[in-house]
>>> print(open('model.txt').read())   # compact mmCIF, C-alpha atoms and all ligand atoms
# COMPACT_ATOMS: atom_id res chain seq x y z
CA MET A 826 -31.92 -3.18 29.42
CA SER A 827 -28.32 -2.25 28.68
CA ALA A 828 -27.30 1.38 29.28
CA TYR A 829 -25.11 1.21 26.15
CA HIS A 830 -25.60 3.84 23.48
CA PRO A 831 -23.02 5.52 21.26
CA PHE A 832 -22.10 8.84 22.87
CA SER A 833 -23.07 12.17 21.38
CA LEU A 834 -20.74 15.13 22.12
CA GLU A 835 -23.10 16.10 24.95
CA ASP A 836 -23.01 12.57 26.42
CA ALA A 837 -19.20 12.67 26.35
CA ILE A 838 -19.16 16.01 28.18
CA ALA A 839 -21.62 14.75 30.79
CA TYR A 840 -19.53 11.62 31.33
CA ALA A 841 -16.33 13.67 31.61
CA ARG A 842 -17.94 15.80 34.31
CA SER A 843 -18.62 12.64 36.33
CA ILE A 844 -14.88 11.88 36.64
CA PRO A 845 -14.11 12.82 40.25
CA GLY A 846 -11.74 15.75 40.80
CA PHE A 847 -10.86 16.42 37.14
CA PHE A 848 -12.97 19.34 35.87
CA ALA A 849 -14.43 22.08 38.05
CA ALA A 850 -18.22 21.77 38.38
CA ASP A 851 -18.80 25.08 36.57
CA ALA A 852 -16.16 24.58 33.84
CA ALA A 853 -17.27 25.46 30.29
CA LEU A 854 -16.22 22.30 28.49
CA THR A 855 -15.62 21.79 24.77
CA CYS A 856 -15.78 18.45 23.01
CA GLU A 857 -14.72 17.11 19.61
CA GLU A 858 -14.80 13.60 18.14
CA ILE A 859 -11.30 12.89 16.86
CA GLY A 860 -11.40 9.14 16.16
CA ASP A 861 -9.62 8.32 12.93
CA GLY A 862 -9.11 4.60 13.57
CA ASN A 863 -11.03 1.61 12.27
CA LEU A 864 -13.16 0.71 15.27
CA ASN A 865 -14.06 3.34 17.89
CA LEU A 866 -15.30 6.77 18.83
CA VAL A 867 -12.71 9.03 20.46
CA PHE A 868 -13.70 12.30 22.16
CA ARG A 869 -11.41 15.03 23.45
CA ILE A 870 -13.06 17.03 26.22
CA ALA A 871 -11.32 20.21 27.32
CA ASP A 872 -11.60 23.08 29.73
CA PRO A 873 -9.74 25.69 27.63
CA LYS A 874 -9.67 28.18 30.50
CA GLN A 875 -7.85 25.83 32.87
CA LYS A 876 -5.93 24.16 30.00
CA LYS A 877 -7.11 20.74 31.15
CA SER A 878 -8.31 17.95 28.90
CA LEU A 879 -8.96 14.23 28.77
CA ILE A 880 -9.88 11.57 26.26
CA ILE A 881 -12.95 9.33 26.26
CA LYS A 882 -12.72 6.34 24.01
CA GLN A 883 -15.89 4.37 23.32
CA ALA A 884 -16.15 1.06 21.50
CA LEU A 885 -18.85 0.71 18.86
CA PRO A 886 -20.66 -2.65 18.63
CA TYR A 887 -19.33 -3.12 15.09
CA ALA A 888 -16.19 -2.44 13.05
CA LYS A 889 -16.49 1.23 12.03
CA VAL A 890 -14.29 0.69 8.98
CA VAL A 891 -16.77 -1.83 7.50
CA GLY A 892 -20.11 -1.02 9.13
CA GLU A 893 -22.83 -2.75 11.14
CA SER A 894 -22.50 -5.92 9.07
CA TRP A 895 -19.33 -6.69 11.07
CA PRO A 896 -20.45 -6.93 14.72
CA LEU A 897 -17.79 -6.72 17.43
CA SER A 898 -17.99 -7.40 21.16
CA LEU A 899 -18.06 -4.34 23.42
CA ASP A 900 -16.02 -6.31 25.95
CA ARG A 901 -12.96 -5.12 24.05
CA ALA A 902 -13.31 -1.78 25.85
CA ARG A 903 -12.82 -3.55 29.21
CA ILE A 904 -9.92 -5.54 27.78
CA GLU A 905 -8.29 -2.37 26.47
CA ARG A 906 -8.77 -0.55 29.78
CA GLU A 907 -7.39 -3.43 31.85
CA ALA A 908 -4.42 -3.83 29.50
CA LEU A 909 -3.73 -0.07 29.66
CA ILE A 910 -3.82 -0.17 33.45
CA ILE A 911 -1.36 -3.09 33.59
CA GLN A 912 0.93 -1.50 30.99
CA HIS A 913 0.82 1.87 32.77
CA GLN A 914 1.71 0.21 36.08
CA LEU A 915 4.67 -1.51 34.42
CA CYS A 916 5.78 1.46 32.27
CA PRO A 917 4.31 4.67 33.74
CA GLU A 918 6.38 6.94 31.47
CA LEU A 919 5.34 5.12 28.30
CA VAL A 920 1.59 4.57 28.67
CA PRO A 921 -1.16 7.14 29.32
CA ALA A 922 -2.89 7.09 32.70
CA VAL A 923 -6.45 5.75 32.94
CA TYR A 924 -8.85 8.00 34.84
CA GLY A 925 -11.95 5.81 34.75
CA GLY A 926 -14.35 3.86 32.61
CA ASP A 927 -17.53 1.83 32.38
CA ASP A 928 -17.90 -1.71 31.02
CA GLU A 929 -21.56 -1.39 30.06
CA LEU A 930 -21.03 1.89 28.19
CA ALA A 931 -17.78 0.45 26.76
CA VAL A 932 -15.86 3.65 27.62
CA THR A 933 -12.38 4.35 28.93
CA VAL A 934 -11.32 7.75 30.16
CA MET A 935 -7.63 8.51 29.86
CA GLU A 936 -4.87 11.08 29.75
CA ASP A 937 -4.93 13.36 26.70
CA LEU A 938 -1.77 13.29 24.62
CA SER A 939 -2.23 16.62 22.82
CA GLY A 940 1.22 17.88 21.98
CA TYR A 941 2.25 14.41 20.79
CA THR A 942 2.28 13.33 17.15
CA ILE A 943 1.00 10.00 15.86
CA MET A 944 4.25 8.31 14.91
CA ARG A 945 2.99 7.23 11.49
CA GLN A 946 2.32 10.87 10.58
CA GLY A 947 5.68 11.96 11.94
CA LEU A 948 7.52 9.34 9.91
CA ILE A 949 5.61 10.26 6.76
CA GLN A 950 6.68 13.87 7.29
CA GLY A 951 10.28 12.70 7.58
CA SER A 952 10.77 13.17 11.31
CA THR A 953 13.11 10.89 13.22
CA TYR A 954 12.87 9.98 16.90
CA GLU A 955 16.22 9.31 18.49
CA ARG A 956 14.90 7.78 21.71
CA PHE A 957 12.16 5.70 20.12
CA ALA A 958 14.11 2.40 19.89
CA GLU A 959 15.11 2.62 23.55
CA HIS A 960 11.56 3.47 24.63
CA ILE A 961 9.72 0.86 22.61
CA GLY A 962 12.34 -1.82 23.39
CA SER A 963 11.88 -1.13 27.08
CA PHE A 964 8.06 -1.12 26.77
CA ILE A 965 7.95 -4.44 24.94
CA ALA A 966 10.52 -6.13 27.19
CA THR A 967 8.89 -4.95 30.42
CA THR A 968 5.26 -5.64 29.52
CA LEU A 969 6.03 -9.04 28.01
CA PHE A 970 8.43 -10.18 30.72
CA TYR A 971 6.24 -9.26 33.68
CA THR A 972 3.08 -10.81 32.22
CA SER A 973 4.82 -14.07 31.23
CA ASP A 974 5.63 -17.24 33.14
CA LEU A 975 9.18 -15.90 33.43
CA GLY A 976 8.27 -12.83 35.41
CA MET A 977 4.91 -13.29 37.13
CA ASN A 978 3.40 -15.85 39.44
CA GLN A 979 2.41 -18.70 37.15
CA GLN A 980 -0.95 -19.37 38.81
CA GLU A 981 -1.85 -15.68 38.70
CA LYS A 982 -0.85 -15.64 35.05
CA LYS A 983 -3.39 -18.36 34.29
CA LEU A 984 -6.11 -16.34 36.01
CA GLN A 985 -4.97 -13.15 34.32
CA SER A 986 -5.02 -14.76 30.88
CA SER A 987 -8.69 -15.63 31.41
CA ARG A 988 -9.45 -11.88 31.62
CA PHE A 989 -7.87 -11.37 28.22
CA ILE A 990 -9.83 -13.88 26.16
CA ASN A 991 -10.48 -11.63 23.16
CA PRO A 992 -12.11 -13.80 20.47
CA ASP A 993 -13.55 -11.10 18.19
CA LEU A 994 -10.37 -9.08 17.90
CA CYS A 995 -8.17 -12.16 17.62
CA LYS A 996 -10.43 -13.30 14.78
CA ILE A 997 -9.77 -10.02 12.94
CA THR A 998 -6.03 -10.74 13.16
CA GLU A 999 -6.42 -14.41 12.29
CA ASP A 1000 -8.40 -13.52 9.16
CA LEU A 1001 -6.80 -10.27 8.00
CA ILE A 1002 -3.19 -11.18 8.74
CA PHE A 1003 -2.95 -14.95 8.61
CA GLU A 1004 -5.47 -15.98 5.97
CA ASP A 1005 -7.04 -13.43 3.62
CA PRO A 1006 -3.85 -12.24 1.88
CA TYR A 1007 -3.20 -15.86 0.87
CA ARG A 1008 -6.48 -16.45 -0.97
CA ASP A 1009 -8.95 -14.54 -3.11
CA ALA A 1010 -10.80 -13.19 -0.05
CA GLU A 1011 -13.75 -10.79 -0.24
CA ASN A 1012 -12.11 -8.45 2.29
CA ASN A 1013 -8.87 -8.11 0.34
CA ASN A 1014 -8.18 -4.68 -1.04
CA PHE A 1015 -5.45 -3.98 -3.56
CA THR A 1016 -5.01 -1.87 -6.65
CA GLU A 1017 -5.10 -3.48 -10.09
CA ASP A 1018 -1.53 -2.42 -10.77
CA ILE A 1019 -0.28 -5.00 -8.25
CA ARG A 1020 -2.81 -7.77 -9.05
CA GLU A 1021 -0.13 -10.04 -10.47
CA GLU A 1022 1.93 -9.73 -7.27
CA ALA A 1023 -1.13 -10.19 -5.06
CA GLU A 1024 -2.22 -13.32 -6.93
CA LYS A 1025 1.26 -14.80 -6.56
CA LEU A 1026 0.65 -14.76 -2.80
CA TRP A 1027 -2.37 -17.02 -3.26
CA HIS A 1028 -0.35 -19.77 -4.92
CA ASP A 1029 3.01 -19.65 -3.10
CA GLN A 1030 2.97 -22.89 -1.12
CA ALA A 1031 6.35 -22.29 0.54
CA LEU A 1032 4.99 -18.97 1.82
CA HIS A 1033 1.73 -20.61 2.97
CA LEU A 1034 3.66 -23.17 5.00
CA GLU A 1035 5.47 -20.44 6.97
CA VAL A 1036 2.26 -18.44 7.44
CA ALA A 1037 0.51 -21.59 8.70
CA LEU A 1038 3.25 -22.08 11.31
CA LEU A 1039 3.06 -18.43 12.40
CA ARG A 1040 -0.74 -18.61 12.51
CA GLU A 1041 -0.48 -21.67 14.74
CA LYS A 1042 1.74 -19.71 17.13
CA PHE A 1043 -0.73 -16.81 17.16
CA LEU A 1044 -3.58 -19.23 17.88
CA THR A 1045 -1.91 -21.33 20.56
CA HIS A 1046 1.16 -19.77 22.22
CA GLY A 1047 -0.02 -17.79 25.25
CA GLU A 1048 3.43 -16.57 26.26
CA ALA A 1049 2.63 -13.07 27.51
CA LEU A 1050 0.00 -10.33 27.52
CA LEU A 1051 0.49 -8.69 24.14
CA HIS A 1052 -0.48 -5.20 23.07
CA GLY A 1053 -1.76 -7.00 19.99
CA ASP A 1054 -1.79 -4.11 17.48
CA LEU A 1055 1.49 -2.28 17.98
CA HIS A 1056 1.68 -0.34 14.72
CA THR A 1057 2.91 3.24 14.40
CA GLY A 1058 -0.68 4.53 14.57
CA SER A 1059 -0.82 3.15 18.14
CA ILE A 1060 2.29 5.10 19.17
CA PHE A 1061 2.43 8.81 20.04
CA VAL A 1062 5.78 10.57 19.98
CA THR A 1063 7.62 13.80 20.68
CA ALA A 1064 11.35 14.36 20.25
CA ASP A 1065 12.09 12.74 23.59
CA SER A 1066 8.95 10.94 24.72
CA THR A 1067 6.95 7.93 23.52
CA LYS A 1068 3.45 6.82 24.57
CA ILE A 1069 1.82 3.57 23.58
CA ILE A 1070 -1.97 3.52 23.27
CA ASP A 1071 -4.83 1.36 21.94
CA PRO A 1072 -4.25 -2.14 23.32
CA GLU A 1073 -7.78 -3.33 22.46
CA PHE A 1074 -6.33 -6.36 20.62
CA ALA A 1075 -4.58 -7.41 23.86
CA TYR A 1076 -4.54 -11.15 24.56
CA TYR A 1077 -2.10 -13.82 25.70
CA GLY A 1078 -0.06 -14.64 22.62
CA PRO A 1079 3.47 -15.11 21.26
CA MET A 1080 5.96 -12.39 22.26
CA GLY A 1081 7.34 -11.99 18.74
CA PHE A 1082 4.01 -10.64 17.54
CA ASP A 1083 4.40 -7.22 19.25
CA ILE A 1084 8.05 -6.84 18.22
CA GLY A 1085 7.14 -7.89 14.68
CA ALA A 1086 4.44 -5.23 14.52
CA VAL A 1087 6.91 -2.43 15.27
CA ILE A 1088 9.48 -3.77 12.80
CA ALA A 1089 6.80 -4.19 10.11
CA ASN A 1090 5.62 -0.62 10.38
CA LEU A 1091 9.14 0.78 10.22
CA LEU A 1092 9.70 -1.36 7.12
CA LEU A 1093 6.47 -0.15 5.52
CA ASN A 1094 7.70 3.41 5.96
CA TYR A 1095 11.10 2.35 4.61
CA ALA A 1096 9.50 0.90 1.47
CA ALA A 1097 7.45 4.08 1.05
CA GLN A 1098 10.32 6.57 1.47
CA PRO A 1099 11.15 6.90 -2.26
CA GLY A 1100 7.66 8.38 -2.57
CA TRP A 1101 8.21 10.90 0.24
CA SER A 1102 11.85 11.94 0.02
CA SER A 1103 12.60 14.94 -2.15
CA SER A 1104 16.24 14.02 -2.93
CA ASN A 1105 18.52 11.00 -2.90
CA ASP A 1106 20.42 12.34 0.10
CA ILE A 1107 17.23 12.71 2.10
CA LEU A 1108 16.07 9.26 1.03
CA GLU A 1109 19.35 7.67 2.10
CA GLU A 1110 19.33 9.46 5.43
CA ARG A 1111 15.74 8.52 6.27
CA GLN A 1112 16.08 4.93 5.17
CA ALA A 1113 19.33 4.56 7.12
CA TRP A 1114 17.60 5.89 10.23
CA LEU A 1115 14.69 3.47 9.82
CA LEU A 1116 17.02 0.46 9.47
CA THR A 1117 19.20 1.56 12.39
CA THR A 1118 16.04 1.96 14.43
CA ILE A 1119 14.88 -1.57 13.60
CA VAL A 1120 18.20 -2.93 14.85
CA GLY A 1121 17.91 -0.66 17.89
CA VAL A 1122 14.38 -1.85 18.70
CA TRP A 1123 15.51 -5.47 18.75
CA ASN A 1124 18.76 -4.77 20.63
CA HIS A 1125 17.08 -2.63 23.30
CA PHE A 1126 14.34 -5.23 23.69
CA GLU A 1127 16.86 -8.06 24.00
CA GLN A 1128 19.17 -6.28 26.46
CA HIS A 1129 16.27 -5.15 28.64
CA PHE A 1130 14.59 -8.56 28.56
CA ARG A 1131 17.83 -10.33 29.53
CA ARG A 1132 18.38 -7.87 32.41
CA LEU A 1133 14.88 -8.45 33.75
CA TRP A 1134 15.25 -12.21 33.37
CA ASP A 1135 18.59 -12.25 35.26
CA ALA A 1136 17.42 -9.92 38.02
CA ASN A 1137 13.77 -10.83 38.47
CA GLY A 1138 13.10 -14.21 36.87
CA ILE A 1139 10.77 -16.25 39.09
CA ASP A 1140 11.16 -19.64 37.44
CA MET A 1141 13.99 -21.81 38.75
CA MET A 1142 14.25 -23.87 35.56
CA SER A 1143 14.55 -20.72 33.45
CA LYS A 1144 17.97 -20.13 35.06
CA THR A 1145 19.30 -23.25 33.31
CA PRO A 1146 22.36 -22.20 31.28
CA GLY A 1147 21.51 -21.89 27.59
CA TYR A 1148 17.76 -21.59 28.02
CA GLN A 1149 17.66 -17.78 27.85
CA ASP A 1150 19.67 -17.77 24.62
CA LEU A 1151 17.41 -20.35 23.00
CA TYR A 1152 14.31 -18.47 24.17
CA LEU A 1153 15.48 -15.20 22.64
CA LYS A 1154 16.46 -16.89 19.39
CA LYS A 1155 12.91 -18.20 19.15
CA VAL A 1156 11.45 -14.75 19.86
CA LEU A 1157 13.64 -13.20 17.16
CA LYS A 1158 12.58 -15.75 14.53
CA ASP A 1159 8.93 -15.28 15.47
CA ALA A 1160 9.27 -11.48 15.37
CA ILE A 1161 10.75 -11.59 11.87
CA GLY A 1162 8.06 -13.94 10.55
CA PHE A 1163 5.24 -11.93 12.12
CA ALA A 1164 6.73 -8.72 10.76
CA GLY A 1165 6.59 -10.20 7.28
CA CYS A 1166 2.92 -11.17 7.67
CA LYS A 1167 2.12 -7.70 8.92
CA VAL A 1168 3.82 -6.01 6.01
CA ILE A 1169 1.99 -8.16 3.46
CA ARG A 1170 -1.46 -7.61 4.97
CA ARG A 1171 -1.08 -3.80 4.80
CA ILE A 1172 -0.54 -4.00 1.03
CA VAL A 1173 -3.19 -6.47 -0.10
CA GLY A 1174 -5.58 -6.85 2.86
CA LEU A 1175 -8.49 -4.89 4.27
CA SER A 1176 -6.69 -2.21 6.24
CA HIS A 1177 -3.77 -0.30 4.69
CA VAL A 1178 -1.25 2.28 5.90
CA ALA A 1179 -1.05 5.94 4.93
CA ASP A 1180 2.75 5.65 4.53
CA VAL A 1181 2.11 3.78 1.27
CA ASP A 1182 -1.42 4.67 0.20
CA THR A 1183 -1.10 8.44 0.40
CA ILE A 1184 2.03 8.71 -1.78
CA ALA A 1185 0.92 11.19 -4.45
CA ASP A 1186 2.90 9.84 -7.40
CA GLU A 1187 1.27 6.69 -8.81
CA ARG A 1188 4.52 5.09 -9.94
CA SER A 1189 6.23 5.63 -6.58
CA ARG A 1190 3.13 4.32 -4.83
CA ARG A 1191 3.24 1.13 -6.85
CA GLN A 1192 6.95 0.81 -6.26
CA ALA A 1193 6.42 1.09 -2.49
CA LYS A 1194 3.84 -1.71 -2.61
CA ILE A 1195 6.06 -4.02 -4.61
CA THR A 1196 9.07 -3.34 -2.37
CA ALA A 1197 6.97 -3.96 0.74
CA LEU A 1198 5.64 -7.24 -0.65
CA GLU A 1199 9.15 -8.33 -1.53
CA ILE A 1200 10.36 -7.54 2.00
CA GLY A 1201 7.30 -9.17 3.58
CA LYS A 1202 7.70 -12.43 1.66
CA GLN A 1203 11.41 -12.59 2.44
CA LEU A 1204 10.79 -12.08 6.16
CA VAL A 1205 8.09 -14.74 6.31
CA LYS A 1206 10.17 -17.25 4.38
CA GLY A 1207 13.45 -16.41 6.12
CA GLY A 1208 12.26 -15.91 9.69
CA ARG A 1209 12.59 -19.52 10.83
CA SER A 1210 16.24 -19.76 9.81
CA ALA A 1211 17.25 -16.21 10.82
CA SER A 1212 19.73 -15.79 13.65
CA SER A 1213 20.30 -12.03 13.70
CA ILE A 1214 18.29 -8.85 13.21
CA THR A 1215 20.91 -7.74 10.67
CA GLU A 1216 19.46 -10.28 8.22
CA VAL A 1217 16.28 -8.19 8.13
CA ILE A 1218 18.33 -5.15 7.21
CA ALA A 1219 20.06 -6.99 4.37
CA TRP A 1220 16.71 -8.24 3.01
CA ALA A 1221 15.15 -4.78 3.17
CA LYS A 1222 18.09 -3.22 1.35
CA ALA A 1223 18.05 -5.93 -1.33
CA ALA A 1224 14.31 -5.48 -1.94
CA ALA A 1225 14.64 -1.69 -2.16
CA ALA A 1226 17.60 -1.96 -4.53
CA LYS A 1227 15.74 -4.45 -6.74
CA GLU A 1228 12.64 -2.28 -7.07
CA GLY A 1229 14.71 0.89 -7.39
CA ALA A 1230 16.47 -0.69 -10.35
CA ASN A 1231 13.13 -1.62 -11.93
CA VAL A 1232 11.72 1.91 -11.89
C1 LIG A 1301 -11.30 -4.31 11.00
S1 LIG A 1301 -10.00 -3.67 11.90
C2 LIG A 1301 -8.65 -3.55 10.84
C3 LIG A 1301 -7.36 -3.30 11.52
O1 LIG A 1301 -7.40 -2.14 12.32
C4 LIG A 1301 -6.72 -2.35 13.54
O2 LIG A 1301 -5.87 -1.32 13.86
C5 LIG A 1301 -5.99 -3.67 13.39
O3 LIG A 1301 -4.71 -3.52 12.86
C6 LIG A 1301 -6.90 -4.38 12.47
O4 LIG A 1301 -6.30 -5.48 11.84
MG MG A 1302 -6.15 0.66 17.17
>>> encode(input="model.txt", output="structure tokens", more="lines below")
Ligand code: SR1
Ligand code: MG
Amino acid sequence: MSAYHPFSLEDAIAYARSIPGFFAADAALTCEEIGDGNLNLVFRIADPKQKKSLIIKQALPYAKVVGESWPLSLDRARIEREALIIQHQLCPELVPAVYGGDDELAVTVMEDLSGYTIMRQGLIQGSTYERFAEHIGSFIATTLFYTSDLGMNQQEKKLQSSRFINPDLCKITEDLIFEDPYRDAENNNFTEDIREEAEKLWHDQALHLEVALLREKFLTHGEALLHGDLHTGSIFVTADSTKIIDPEFAYYGPMGFDIGAVIANLLLNYAAQPGWSSSNDILEERQAWLLTTIVGVWNHFEQHFRRLWDANGIDMMSKTPGYQDLYLKKVLKDAIGFAGCKVIRRIVGLSHVADVDTIADERSRRQAKITALEIGKQLVKGGRSASSITEVIAWAKAAAAKEGANV
């Protein structure tokens, strides 16, 4: 019989005590369940006297956000732990350390990031993070390069990709991002005040064609080990440090998907800012920072990726003049298209973002949704012909100006 059972607070404490060398045997430990995500239990166990703490994350056998009617494989806990270990090895400053774990219990024990803020909350409160673009660009470039055929032994990569077959979590993405928003799906979730806009998505054949092409890439292009769910709720920040968590959607997929996720979440916050900013000056300042950061994310990624390629590329044919430029152009187009899909799903699909949904004023909330949809559609439709990240900035500004004028 399987040892699996969802942990109580006492179970979490007992498990924490079994981690060698962390807590003293006689430590008086406290425990709280702090999980606010869609899928898992998260416990913080602390020894207040010694000021030591750790996190235990446990997968539930179903999607918490929906309930037991949506079963999910517990193997995602192993996948998350193995992805975290690889990402920590590649980017020790940017990923929490893993202290232990158990496949059968579906638990991972890791470094506690108390003192950090969830980036989504920070952005909603109007904070800016000057080193974020550099950090996330370096994380994405390093983790993607060194898990791809460009930067790792190509036979080992094939074996490694077999450890990241993640059908249940990929299916969530395939459905919630690449299908449901484009039909009258049971899981869709949108307010009546945007029904007309949501229904337009169901009938826009030009949009469907681009989404079908992006969906095909997600289904078939095993370029690198992705984080797979790199939204601002998976990123912890301080003024000068960034930590990336939660890679349970990790699998071998197209590189642009991770970059697109970061861009999408910055754009969602951009679209929401009229609902959060208390004056025009503040609005302009915050939106300018968000757009500059989007450009910075791409530029840091690109520069870092090119440096790694030139210095540590293992594939002789990849040194062919012109190939690197074409490769990065493809990644940029993919990133823009995926970003668009990710914006759209957060407005009409199952799982939303607080940036938009918690805006107090109803009119501003609606405006944020319409702006986001406008940006999302433009990115999806324009991604394939885009040649620079600055096109994204122009589209975002145009969508914001259009909706601003309509208010
Ligand atoms: C049913 S899970 C909904 C969403 O939560 C996760 O964070 C992923 O973004 C997923 O699509
Ligand atoms: Mg998550």
>>> residues_near_ligand(input="model.txt", ligand="ligand LIG 1301 (chain A)", cutoff="10 Å", atoms="all atoms listed in the file", output="PyMOL selection string")
chain A and resi 862-864+887-892+895+897+994-1002+1012+1053-1059+1071-1074+1086+1167+1170-1171+1174-1178
>>> write_last_selection(input="model.txt", atoms="C-alpha atoms", output="mmCIF file, keeping the file's coordinate frame")
data_model
loop_
_atom_site.group_PDB
_atom_site.id
_atom_site.type_symbol
_atom_site.label_atom_id
_atom_site.label_comp_id
_atom_site.auth_asym_id
_atom_site.auth_seq_id
_atom_site.Cartn_x
_atom_site.Cartn_y
_atom_site.Cartn_z
ATOM 1 C CA GLY A 862 -9.110 4.600 13.570
ATOM 2 C CA ASN A 863 -11.030 1.610 12.270
ATOM 3 C CA LEU A 864 -13.160 0.710 15.270
ATOM 4 C CA TYR A 887 -19.330 -3.120 15.090
ATOM 5 C CA ALA A 888 -16.190 -2.440 13.050
ATOM 6 C CA LYS A 889 -16.490 1.230 12.030
ATOM 7 C CA VAL A 890 -14.290 0.690 8.980
ATOM 8 C CA VAL A 891 -16.770 -1.830 7.500
ATOM 9 C CA GLY A 892 -20.110 -1.020 9.130
ATOM 10 C CA TRP A 895 -19.330 -6.690 11.070
ATOM 11 C CA LEU A 897 -17.790 -6.720 17.430
ATOM 12 C CA LEU A 994 -10.370 -9.080 17.900
ATOM 13 C CA CYS A 995 -8.170 -12.160 17.620
ATOM 14 C CA LYS A 996 -10.430 -13.300 14.780
ATOM 15 C CA ILE A 997 -9.770 -10.020 12.940
ATOM 16 C CA THR A 998 -6.030 -10.740 13.160
ATOM 17 C CA GLU A 999 -6.420 -14.410 12.290
ATOM 18 C CA ASP A 1000 -8.400 -13.520 9.160
ATOM 19 C CA LEU A 1001 -6.800 -10.270 8.000
ATOM 20 C CA ILE A 1002 -3.190 -11.180 8.740
ATOM 21 C CA ASN A 1012 -12.110 -8.450 2.290
ATOM 22 C CA GLY A 1053 -1.760 -7.000 19.990
ATOM 23 C CA ASP A 1054 -1.790 -4.110 17.480
ATOM 24 C CA LEU A 1055 1.490 -2.280 17.980
ATOM 25 C CA HIS A 1056 1.680 -0.340 14.720
ATOM 26 C CA THR A 1057 2.910 3.240 14.400
ATOM 27 C CA GLY A 1058 -0.680 4.530 14.570
ATOM 28 C CA SER A 1059 -0.820 3.150 18.140
ATOM 29 C CA ASP A 1071 -4.830 1.360 21.940
ATOM 30 C CA PRO A 1072 -4.250 -2.140 23.320
ATOM 31 C CA GLU A 1073 -7.780 -3.330 22.460
ATOM 32 C CA PHE A 1074 -6.330 -6.360 20.620
ATOM 33 C CA ALA A 1086 4.440 -5.230 14.520
ATOM 34 C CA LYS A 1167 2.120 -7.700 8.920
ATOM 35 C CA ARG A 1170 -1.460 -7.610 4.970
ATOM 36 C CA ARG A 1171 -1.080 -3.800 4.800
ATOM 37 C CA GLY A 1174 -5.580 -6.850 2.860
ATOM 38 C CA LEU A 1175 -8.490 -4.890 4.270
ATOM 39 C CA SER A 1176 -6.690 -2.210 6.240
ATOM 40 C CA HIS A 1177 -3.770 -0.300 4.690
ATOM 41 C CA VAL A 1178 -1.250 2.280 5.900
#
>>> closest_residue(input="model.txt", among="A:Ala871, A:Ala1075, A:Ala1031, A:Leu879", to="ligand MG 1302 (chain A)", atoms="all atoms listed in the file")
A:Ala1075
>>> closest_residue(input="model.txt", among="A:Glu1024, A:Gln875, A:Ile1070, A:Thr1063", to="ligand MG 1302 (chain A)", atoms="all atoms listed in the file")
A:Ile1070
>>> closest_residue(input="model.txt", among="A:His960, A:His830, A:Arg901, A:Arg1209", to="Asn1124 (chain A)", atoms="only C-alpha atoms")
A:His960
>>> atom_distance(input="model.txt", atom1="CA of Ile1019 (chain A)", atom2="CA of Gln950 (chain A)")
25.4 Å
>>> atom_distance(input="model.txt", atom1="CA of Met1142 (chain A)", atom2="CA of Phe970 (chain A)")
15.6 Å
>>> residues_around(input="model.txt", residues="Lys983 (chain A)", least_positions_apart="3", cutoff="12 Å", atoms="only C-alpha atoms", output="VMD selection string")
chain A and resid 972 to 974 977 to 980 986 to 990 1047 to 1050 1077
>>> decode(input="model.txt", residues="region 1006-1013 of chain A", atoms="N, CA, C and O atoms", output="tab-separated table (two decimals), in the first residue's frame")
chain	number	residue	atom	x	y	z
A	1006	PRO	N	-9.83	29.07	-24.14
A	1006	PRO	CA	-10.24	30.47	-24.40
A	1006	PRO	C	-10.85	30.66	-25.79
A	1006	PRO	O	-11.51	31.67	-26.03
A	1007	TYR	N	-10.65	29.67	-26.68
A	1007	TYR	CA	-11.06	29.85	-28.07
A	1007	TYR	C	-12.34	29.08	-28.41
A	1007	TYR	O	-12.68	28.87	-29.57
A	1008	ARG	N	-13.04	28.65	-27.35
A	1008	ARG	CA	-14.34	27.99	-27.53
A	1008	ARG	C	-15.15	28.20	-26.25
A	1008	ARG	O	-14.62	28.68	-25.24
A	1009	ASP	N	-16.40	27.83	-26.31
A	1009	ASP	CA	-17.28	28.00	-25.15
A	1009	ASP	C	-17.04	26.83	-24.19
A	1009	ASP	O	-17.85	25.91	-24.09
A	1010	ALA	N	-15.90	26.85	-23.49
A	1010	ALA	CA	-15.48	25.72	-22.66
A	1010	ALA	C	-16.06	25.84	-21.24
A	1010	ALA	O	-16.17	26.95	-20.70
A	1011	GLU	N	-16.37	24.70	-20.67
A	1011	GLU	CA	-16.95	24.65	-19.32
A	1011	GLU	C	-16.04	25.33	-18.28
A	1011	GLU	O	-16.51	25.96	-17.34
A	1012	ASN	N	-14.72	25.15	-18.46
A	1012	ASN	CA	-13.77	25.70	-17.49
A	1012	ASN	C	-13.54	27.20	-17.63
A	1012	ASN	O	-12.88	27.80	-16.78
A	1013	ASN	N	-14.01	27.80	-18.72
A	1013	ASN	CA	-13.79	29.24	-18.86
A	1013	ASN	C	-14.44	29.99	-17.71
A	1013	ASN	O	-15.41	29.53	-17.10
